Structure formats: structure tokens, C-alpha cells
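As stored in work.cif (mmCIF, N, CA and C atoms):
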data_target
#
loop_
_atom_site.label_atom_id
_atom_site.label_comp_id
_atom_site.auth_asym_id
_atom_site.auth_seq_id
_atom_site.Cartn_x
_atom_site.Cartn_y
_atom_site.Cartn_z
N MET F 1 90.59 50.62 28.88
CA MET F 1 91.27 51.32 29.94
C MET F 1 90.41 52.49 30.38
N ARG F 2 90.22 52.62 31.67
CA ARG F 2 89.44 53.73 32.21
C ARG F 2 90.37 54.82 32.73
N PHE F 3 89.95 56.05 32.51
CA PHE F 3 90.66 57.18 33.08
C PHE F 3 89.96 57.58 34.37
N LEU F 4 90.66 58.30 35.19
CA LEU F 4 90.14 58.76 36.46
C LEU F 4 88.82 59.49 36.25
N GLY F 5 87.81 59.08 36.98
CA GLY F 5 86.50 59.72 36.91
C GLY F 5 85.54 59.12 35.91
N GLU F 6 86.01 58.22 35.03
CA GLU F 6 85.10 57.61 34.06
C GLU F 6 84.27 56.53 34.76
N VAL F 7 82.97 56.57 34.51
CA VAL F 7 82.04 55.66 35.15
C VAL F 7 81.34 54.84 34.07
N ASP F 8 81.28 53.53 34.28
CA ASP F 8 80.60 52.65 33.33
C ASP F 8 79.15 53.09 33.15
N GLY F 9 78.73 53.21 31.89
CA GLY F 9 77.36 53.57 31.59
C GLY F 9 77.09 55.07 31.51
N VAL F 10 78.10 55.90 31.78
CA VAL F 10 77.90 57.34 31.70
C VAL F 10 78.42 57.84 30.36
N ALA F 11 79.72 58.00 30.21
CA ALA F 11 80.28 58.41 28.92
C ALA F 11 80.62 57.19 28.06
N TYR F 12 80.91 56.09 28.71
CA TYR F 12 81.29 54.86 28.01
C TYR F 12 80.61 53.68 28.68
N ASN F 13 80.52 52.58 27.93
CA ASN F 13 80.13 51.30 28.48
C ASN F 13 81.35 50.40 28.35
N PHE F 14 81.88 49.95 29.47
CA PHE F 14 83.10 49.16 29.46
C PHE F 14 82.78 47.68 29.39
N VAL F 15 83.49 46.98 28.52
CA VAL F 15 83.34 45.53 28.39
C VAL F 15 84.74 44.91 28.34
N THR F 16 84.79 43.61 28.54
CA THR F 16 86.07 42.92 28.44
C THR F 16 86.47 42.82 26.97
N ALA F 17 87.72 42.47 26.73
CA ALA F 17 88.20 42.31 25.35
C ALA F 17 87.40 41.21 24.64
N ASP F 18 87.08 40.13 25.34
CA ASP F 18 86.30 39.04 24.74
C ASP F 18 84.89 39.50 24.38
N GLU F 19 84.27 40.27 25.27
CA GLU F 19 82.94 40.80 24.98
C GLU F 19 82.98 41.74 23.78
N PHE F 20 84.01 42.57 23.71
CA PHE F 20 84.16 43.49 22.59
C PHE F 20 84.24 42.71 21.28
N GLU F 21 85.07 41.69 21.25
CA GLU F 21 85.22 40.87 20.03
C GLU F 21 83.90 40.20 19.66
N SER F 22 83.15 39.78 20.67
CA SER F 22 81.84 39.17 20.41
C SER F 22 80.90 40.19 19.76
N HIS F 23 80.92 41.42 20.24
CA HIS F 23 80.09 42.48 19.64
C HIS F 23 80.52 42.76 18.19
N VAL F 24 81.82 42.74 17.94
CA VAL F 24 82.32 42.94 16.58
C VAL F 24 81.79 41.84 15.67
N GLN F 25 81.91 40.60 16.12
CA GLN F 25 81.49 39.45 15.31
C GLN F 25 79.98 39.44 15.05
N SER F 26 79.20 39.96 15.99
CA SER F 26 77.74 39.94 15.84
C SER F 26 77.19 41.22 15.19
N ASN F 27 78.10 42.06 14.68
CA ASN F 27 77.71 43.32 14.02
C ASN F 27 76.86 44.22 14.93
N ALA F 28 77.18 44.22 16.21
CA ALA F 28 76.45 45.06 17.16
C ALA F 28 76.92 46.51 17.12
N PHE F 29 78.02 46.78 16.41
CA PHE F 29 78.57 48.13 16.34
C PHE F 29 78.27 48.79 15.00
N LEU F 30 77.89 50.05 15.05
CA LEU F 30 77.78 50.87 13.84
C LEU F 30 79.17 51.09 13.28
N GLU F 31 80.13 51.30 14.19
CA GLU F 31 81.53 51.47 13.83
C GLU F 31 82.36 51.00 15.01
N PHE F 32 83.57 50.57 14.70
CA PHE F 32 84.51 50.23 15.77
C PHE F 32 85.92 50.44 15.26
N ALA F 33 86.81 50.63 16.20
CA ALA F 33 88.22 50.84 15.84
C ALA F 33 89.08 50.45 17.03
N TYR F 34 90.31 50.16 16.72
CA TYR F 34 91.30 49.90 17.76
C TYR F 34 92.21 51.12 17.79
N VAL F 35 92.21 51.81 18.92
CA VAL F 35 92.94 53.06 19.06
C VAL F 35 93.80 53.00 20.32
N HIS F 36 95.08 53.30 20.16
CA HIS F 36 96.00 53.32 21.29
C HIS F 36 95.97 52.00 22.07
N GLY F 37 95.73 50.90 21.36
CA GLY F 37 95.74 49.59 21.99
C GLY F 37 94.43 49.18 22.64
N ASN F 38 93.39 50.00 22.50
CA ASN F 38 92.08 49.69 23.08
C ASN F 38 91.03 49.62 21.99
N GLY F 39 89.99 48.81 22.21
CA GLY F 39 88.88 48.73 21.28
C GLY F 39 87.78 49.70 21.67
N TYR F 40 87.28 50.44 20.69
CA TYR F 40 86.18 51.38 20.89
C TYR F 40 85.13 51.11 19.83
N GLY F 41 83.86 51.20 20.20
CA GLY F 41 82.81 51.01 19.22
C GLY F 41 81.55 51.76 19.62
N THR F 42 80.71 52.01 18.63
CA THR F 42 79.43 52.65 18.87
C THR F 42 78.35 51.63 18.54
N SER F 43 77.54 51.31 19.53
CA SER F 43 76.53 50.28 19.30
C SER F 43 75.39 50.83 18.44
N VAL F 44 74.89 49.97 17.58
CA VAL F 44 73.75 50.31 16.75
C VAL F 44 72.58 50.70 17.65
N ARG F 45 72.40 49.95 18.71
CA ARG F 45 71.29 50.18 19.64
C ARG F 45 71.35 51.59 20.24
N ALA F 46 72.53 52.04 20.63
CA ALA F 46 72.67 53.37 21.25
C ALA F 46 72.28 54.48 20.27
N VAL F 47 72.71 54.35 19.02
CA VAL F 47 72.37 55.36 18.01
C VAL F 47 70.88 55.34 17.72
N GLU F 48 70.30 54.15 17.62
CA GLU F 48 68.86 54.05 17.37
C GLU F 48 68.05 54.67 18.50
N GLU F 49 68.51 54.53 19.74
CA GLU F 49 67.81 55.14 20.87
C GLU F 49 67.80 56.66 20.75
N VAL F 50 68.90 57.25 20.32
CA VAL F 50 68.96 58.70 20.14
C VAL F 50 68.03 59.13 19.01
N GLN F 51 68.05 58.39 17.91
CA GLN F 51 67.23 58.74 16.75
C GLN F 51 65.74 58.66 17.05
N THR F 52 65.33 57.71 17.88
CA THR F 52 63.90 57.60 18.20
C THR F 52 63.42 58.81 19.00
N GLN F 53 64.33 59.54 19.60
CA GLN F 53 63.99 60.76 20.34
C GLN F 53 64.07 62.00 19.45
N GLU F 54 64.27 61.79 18.13
CA GLU F 54 64.40 62.87 17.15
C GLU F 54 65.50 63.85 17.54
N LYS F 55 66.63 63.28 17.94
CA LYS F 55 67.81 64.07 18.29
C LYS F 55 68.94 63.75 17.32
N ILE F 56 69.94 64.61 17.30
CA ILE F 56 71.12 64.40 16.47
C ILE F 56 72.13 63.62 17.29
N CYS F 57 72.61 62.55 16.73
CA CYS F 57 73.61 61.73 17.42
C CYS F 57 75.00 62.22 17.02
N ILE F 58 75.75 62.69 18.00
CA ILE F 58 77.11 63.17 17.76
C ILE F 58 78.07 62.14 18.34
N LEU F 59 78.97 61.64 17.51
CA LEU F 59 79.89 60.59 17.93
C LEU F 59 81.32 61.09 17.96
N ASP F 60 82.04 60.70 18.97
CA ASP F 60 83.48 60.97 19.09
C ASP F 60 84.17 59.70 18.64
N ILE F 61 84.57 59.66 17.37
CA ILE F 61 85.08 58.42 16.80
C ILE F 61 86.44 58.62 16.14
N ASP F 62 87.09 57.53 15.87
CA ASP F 62 88.41 57.54 15.24
C ASP F 62 88.28 57.81 13.75
N ILE F 63 89.33 58.35 13.14
CA ILE F 63 89.28 58.65 11.71
C ILE F 63 89.14 57.40 10.85
N GLN F 64 89.37 56.22 11.42
CA GLN F 64 89.17 54.99 10.66
C GLN F 64 87.75 54.91 10.11
N VAL F 65 86.78 55.46 10.85
CA VAL F 65 85.40 55.44 10.40
C VAL F 65 85.21 56.32 9.18
N LYS F 66 85.84 57.47 9.15
CA LYS F 66 85.74 58.38 8.00
C LYS F 66 86.19 57.68 6.74
N LYS F 67 87.15 56.79 6.86
CA LYS F 67 87.66 56.09 5.70
C LYS F 67 86.66 55.06 5.18
N SER F 68 85.65 54.71 5.98
CA SER F 68 84.76 53.64 5.60
C SER F 68 83.30 54.06 5.42
N SER F 69 82.97 55.31 5.66
CA SER F 69 81.58 55.73 5.61
C SER F 69 81.46 57.11 4.97
N SER F 70 80.38 57.30 4.22
CA SER F 70 80.20 58.62 3.60
C SER F 70 78.81 59.19 3.82
N LYS F 71 77.99 58.56 4.66
CA LYS F 71 76.61 59.01 4.85
C LYS F 71 76.45 59.96 6.03
N MET F 72 77.54 60.31 6.67
CA MET F 72 77.46 61.18 7.84
C MET F 72 78.22 62.47 7.58
N LYS F 73 77.96 63.45 8.43
CA LYS F 73 78.76 64.68 8.43
C LYS F 73 79.95 64.42 9.34
N PHE F 74 81.12 64.90 8.93
CA PHE F 74 82.33 64.65 9.71
C PHE F 74 82.99 65.96 10.12
N LEU F 75 83.18 66.11 11.42
CA LEU F 75 83.81 67.26 12.02
C LEU F 75 85.07 66.78 12.73
N PHE F 76 86.19 67.38 12.41
CA PHE F 76 87.45 67.02 13.07
C PHE F 76 87.79 68.12 14.06
N ILE F 77 87.95 67.76 15.32
CA ILE F 77 88.35 68.72 16.34
C ILE F 77 89.85 68.59 16.53
N ALA F 78 90.55 69.65 16.16
CA ALA F 78 92.02 69.64 16.16
C ALA F 78 92.57 70.47 17.32
N PRO F 79 93.72 70.06 17.83
CA PRO F 79 94.39 70.91 18.81
C PRO F 79 95.00 72.11 18.08
N PRO F 80 95.34 73.17 18.80
CA PRO F 80 95.96 74.33 18.15
C PRO F 80 97.27 73.96 17.46
N SER F 81 98.01 73.04 18.05
CA SER F 81 99.28 72.60 17.47
C SER F 81 99.68 71.29 18.14
N MET F 82 100.65 70.62 17.55
CA MET F 82 101.16 69.38 18.16
C MET F 82 101.80 69.67 19.52
N SER F 83 102.49 70.79 19.64
CA SER F 83 103.13 71.10 20.92
C SER F 83 102.09 71.37 22.01
N ASP F 84 100.98 72.03 21.64
CA ASP F 84 99.90 72.23 22.61
C ASP F 84 99.29 70.90 23.04
N LEU F 85 99.09 70.01 22.07
CA LEU F 85 98.55 68.70 22.39
C LEU F 85 99.48 67.95 23.33
N GLU F 86 100.77 67.99 23.04
CA GLU F 86 101.73 67.30 23.90
C GLU F 86 101.68 67.86 25.32
N LYS F 87 101.59 69.18 25.45
CA LYS F 87 101.49 69.80 26.79
C LYS F 87 100.24 69.32 27.51
N ARG F 88 99.12 69.25 26.79
CA ARG F 88 97.86 68.80 27.39
C ARG F 88 97.98 67.35 27.87
N LEU F 89 98.50 66.49 26.99
CA LEU F 89 98.62 65.08 27.35
C LEU F 89 99.54 64.87 28.54
N ARG F 90 100.69 65.49 28.50
CA ARG F 90 101.65 65.32 29.60
C ARG F 90 101.14 65.98 30.88
N GLY F 91 100.40 67.07 30.74
CA GLY F 91 99.87 67.78 31.90
C GLY F 91 98.84 66.97 32.68
N ARG F 92 98.16 66.05 31.99
CA ARG F 92 97.19 65.20 32.67
C ARG F 92 97.87 64.26 33.66
N GLY F 93 99.04 63.75 33.24
CA GLY F 93 99.76 62.81 34.09
C GLY F 93 99.05 61.49 34.28
N THR F 94 98.22 61.09 33.31
CA THR F 94 97.43 59.86 33.45
C THR F 94 97.98 58.68 32.67
N GLU F 95 98.97 58.91 31.81
CA GLU F 95 99.43 57.83 30.95
C GLU F 95 100.94 57.69 30.99
N ALA F 96 101.37 56.45 30.77
CA ALA F 96 102.80 56.15 30.70
C ALA F 96 103.39 56.79 29.44
N GLU F 97 104.70 56.96 29.43
CA GLU F 97 105.39 57.61 28.31
C GLU F 97 105.10 56.92 26.98
N GLU F 98 105.05 55.59 26.99
CA GLU F 98 104.79 54.86 25.73
C GLU F 98 103.42 55.24 25.16
N LYS F 99 102.42 55.38 26.04
CA LYS F 99 101.08 55.74 25.58
C LYS F 99 101.04 57.18 25.06
N VAL F 100 101.75 58.07 25.74
CA VAL F 100 101.80 59.47 25.28
C VAL F 100 102.43 59.53 23.90
N THR F 101 103.53 58.81 23.72
CA THR F 101 104.22 58.77 22.43
C THR F 101 103.31 58.21 21.34
N LEU F 102 102.58 57.14 21.66
CA LEU F 102 101.66 56.53 20.70
C LEU F 102 100.52 57.49 20.36
N ARG F 103 99.96 58.14 21.35
CA ARG F 103 98.87 59.08 21.11
C ARG F 103 99.33 60.25 20.25
N LEU F 104 100.53 60.74 20.50
CA LEU F 104 101.05 61.85 19.69
C LEU F 104 101.27 61.43 18.24
N ALA F 105 101.80 60.23 18.04
CA ALA F 105 102.01 59.73 16.68
C ALA F 105 100.67 59.57 15.96
N ASN F 106 99.68 59.02 16.66
CA ASN F 106 98.35 58.86 16.07
C ASN F 106 97.72 60.21 15.76
N ALA F 107 97.88 61.16 16.67
CA ALA F 107 97.33 62.50 16.45
C ALA F 107 97.95 63.16 15.23
N LYS F 108 99.24 62.99 15.06
CA LYS F 108 99.93 63.55 13.89
C LYS F 108 99.34 62.98 12.61
N ALA F 109 99.14 61.66 12.58
CA ALA F 109 98.56 61.02 11.40
C ALA F 109 97.13 61.51 11.16
N GLU F 110 96.36 61.67 12.24
CA GLU F 110 94.99 62.16 12.11
C GLU F 110 94.95 63.59 11.60
N MET F 111 95.84 64.43 12.10
CA MET F 111 95.88 65.83 11.65
C MET F 111 96.32 65.91 10.19
N ASP F 112 97.24 65.07 9.79
CA ASP F 112 97.65 65.03 8.38
C ASP F 112 96.48 64.60 7.50
N PHE F 113 95.72 63.60 7.95
CA PHE F 113 94.55 63.12 7.22
C PHE F 113 93.51 64.23 7.10
N ALA F 114 93.27 64.94 8.20
CA ALA F 114 92.29 66.04 8.19
C ALA F 114 92.73 67.17 7.26
N ALA F 115 94.02 67.42 7.20
CA ALA F 115 94.55 68.51 6.36
C ALA F 115 94.36 68.22 4.87
N GLN F 116 94.07 66.98 4.52
CA GLN F 116 93.86 66.61 3.12
C GLN F 116 92.43 66.86 2.66
N GLY F 117 91.60 67.44 3.52
CA GLY F 117 90.24 67.79 3.12
C GLY F 117 89.22 66.68 3.27
N HIS F 118 89.48 65.72 4.12
CA HIS F 118 88.57 64.58 4.28
C HIS F 118 87.37 64.87 5.17
N PHE F 119 87.34 66.01 5.82
CA PHE F 119 86.27 66.31 6.76
C PHE F 119 85.42 67.46 6.26
N ASP F 120 84.16 67.46 6.66
CA ASP F 120 83.26 68.54 6.27
C ASP F 120 83.63 69.84 6.98
N LYS F 121 84.26 69.71 8.14
CA LYS F 121 84.66 70.89 8.91
C LYS F 121 85.81 70.49 9.84
N VAL F 122 86.80 71.37 9.95
CA VAL F 122 87.87 71.22 10.93
C VAL F 122 87.73 72.36 11.92
N LEU F 123 87.55 72.01 13.17
CA LEU F 123 87.37 72.99 14.23
C LEU F 123 88.60 72.94 15.14
N VAL F 124 89.27 74.05 15.31
CA VAL F 124 90.47 74.10 16.16
C VAL F 124 90.05 74.44 17.58
N ASN F 125 90.39 73.56 18.51
CA ASN F 125 90.02 73.73 19.91
C ASN F 125 91.11 74.49 20.66
N ASN F 126 91.16 75.79 20.41
CA ASN F 126 92.13 76.65 21.08
C ASN F 126 91.53 77.24 22.35
N ASP F 127 90.32 77.75 22.21
CA ASP F 127 89.58 78.33 23.33
C ASP F 127 88.24 77.60 23.40
N LEU F 128 87.91 77.03 24.55
CA LEU F 128 86.71 76.20 24.67
C LEU F 128 85.44 76.96 24.28
N ASP F 129 85.27 78.17 24.77
CA ASP F 129 84.05 78.94 24.46
C ASP F 129 83.95 79.25 22.97
N GLU F 130 85.06 79.63 22.35
CA GLU F 130 85.06 79.92 20.91
C GLU F 130 84.79 78.65 20.10
N ALA F 131 85.41 77.55 20.52
CA ALA F 131 85.21 76.28 19.80
C ALA F 131 83.75 75.85 19.90
N PHE F 132 83.16 75.99 21.08
CA PHE F 132 81.77 75.61 21.25
C PHE F 132 80.84 76.49 20.41
N ALA F 133 81.11 77.78 20.38
CA ALA F 133 80.30 78.69 19.55
C ALA F 133 80.40 78.31 18.08
N GLU F 134 81.59 77.97 17.63
CA GLU F 134 81.77 77.54 16.24
C GLU F 134 81.05 76.23 15.97
N LEU F 135 81.07 75.32 16.95
CA LEU F 135 80.35 74.06 16.81
C LEU F 135 78.85 74.32 16.69
N GLU F 136 78.31 75.19 17.53
CA GLU F 136 76.88 75.52 17.46
C GLU F 136 76.52 76.10 16.09
N GLU F 137 77.35 76.98 15.58
CA GLU F 137 77.12 77.60 14.27
C GLU F 137 77.14 76.55 13.17
N THR F 138 78.09 75.65 13.23
CA THR F 138 78.20 74.59 12.23
C THR F 138 76.99 73.66 12.28
N MET F 139 76.58 73.28 13.48
CA MET F 139 75.42 72.39 13.62
C MET F 139 74.16 73.07 13.09
N ALA F 140 74.02 74.36 13.33
CA ALA F 140 72.86 75.10 12.83
C ALA F 140 72.84 75.12 11.30
N GLU F 141 74.02 75.21 10.69
CA GLU F 141 74.11 75.17 9.22
C GLU F 141 73.77 73.78 8.70
N TRP F 142 74.29 72.75 9.34
CA TRP F 142 74.07 71.38 8.87
C TRP F 142 72.65 70.89 9.14
N TYR F 143 72.07 71.33 10.24
CA TYR F 143 70.75 70.84 10.67
C TYR F 143 69.84 72.02 10.99
N PRO F 144 69.40 72.75 9.96
CA PRO F 144 68.59 73.95 10.21
C PRO F 144 67.24 73.65 10.87
N GLN F 145 66.80 72.41 10.82
CA GLN F 145 65.51 72.06 11.42
C GLN F 145 65.57 72.02 12.95
N PHE F 146 66.77 72.08 13.51
CA PHE F 146 66.93 72.06 14.96
C PHE F 146 67.38 73.43 15.46
N ARG F 147 67.02 73.74 16.68
CA ARG F 147 67.47 74.98 17.32
C ARG F 147 68.63 74.65 18.24
N PHE F 148 69.69 75.43 18.16
CA PHE F 148 70.88 75.15 18.95
C PHE F 148 71.19 76.20 20.00
N LYS F 149 70.44 77.25 20.07
CA LYS F 149 70.69 78.29 21.08
C LYS F 149 69.44 78.59 21.85
#
How does the structure come out when it is put into C-alpha cells?
Amino acid sequence: MRFLGEVDGVAYNFVTADEFESHVQSNAFLEFAYVHGNGYGTSVRAVEEVQTQEKICILDIDIQVKKSSSKMKFLFIAPPSMSDLEKRLRGRGTEAEEKVTLRLANAKAEMDFAAQGHFDKVLVNNDLDEAFAELEETMAEWYPQFRFK
């Protein structure tokens, strides 16, 4: 499902459900998950392209991956509260009520999982500038060989 303004090949590469399943079967994904009724995956090829440029690959992935991998650093970006998240989701006006309800339930489960200490860092996205500064600081700690400012 595409949201308003999303362009194929920019933030995401969109494929049909059959193509997605074919990629799953051929192990073309580093990770994949089914979230809110949609399939999402990160292609091995895309990550390798970033690595060949000696850059850090940052992935926006579902917590299902955290349950299956331990070789990466994991940062959980949390909303200030469930009520703030609900306001943000409803304020967009892009999804039907069933999807909003599903997303809120999934977010609650994800926040509960994060609260159990499964992530290397939990960053609360209350103020964008503050959250970004905290992200830069964290990345500098994790990857001192790179400059972030």
C-alpha cells in the first residue's frame, strides 16, 4: 500500500504480492516481515550497495527482525505516548479506522517489547530536533570511525 507522496524507487520499491513472495522464496531479503497486512523486506542487494560505499546502512524495520538477529545494533524510535501516537495517526487522515486500530495495537506490542530491554537504545521522538541530535550522538558512540556532524 502506498501513502500519498510515496514514489517507487525513492523510499520504497513497490512490488506485487506475488513478486514479494518470490523474493522471500529466493532469499533475496536480508529481512522481511508482514506488518499491518503488508509485506516489507530489505533486499540483500540494497544493503550491499550501501556497504560498498563504506556507509552505515540504517534500516527502518519491524521488531520481528530483532527477534531473529543479533549481529546488528538496534534502535527503537518510540512515540512520546500511545495517546500522542493515536493523535498523529488520526491526524494524517490516510487510513481507515480498522488500519488505525491495527497499527495502534501493533505499536503497543512493540513498545512493550522495547520496554523489556531488547534494544541497544530507545529514542523517544517527542521533538524532532532533539530526537535527531540524540540519534547523531548515539551513532557517534556506536560508530566512532565516522563523522556525524
Kindly resolve the PyMOL selection byres (((chain F and resi 40-43 and name CA) around 6) and name CA) on the present coordinates and return the residues as number ranges by chain. F: 28-33, 39, 44-46
List the residues matched by the PyMOL selection byres ((chain F and resi 109-118) around 8) in the displayed structure as a PyMOL selection string, ordered by chain and then by residue number. chain F and resi 63+66+74-76+78-79+103-108+119-122
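Going from atom C of F:Glu54 to atom C of F:Asn13 covers 23.4 Å.
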Write down as an NGL selection string the residues belonging to stretch 3-143 of chain F that are assigned strand (DSSP E) by DSSP computed on the backbone. :F and (29-35 or 38-43 or 75-78 or 121-124)
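The shortest atom-to-atom distance to F:Phe132, with only C-alpha atoms taken into account, belongs to F:Ile77 out of F:Ile58, F:Val47, F:Ile77, F:Gln145.
The coordinates place atom CA of F:Ser83 at 13.4 Å from atom CA of F:Asn125.
Atom CA of F:Met72 is positioned 18.4 Å from atom CA of F:Gln53.
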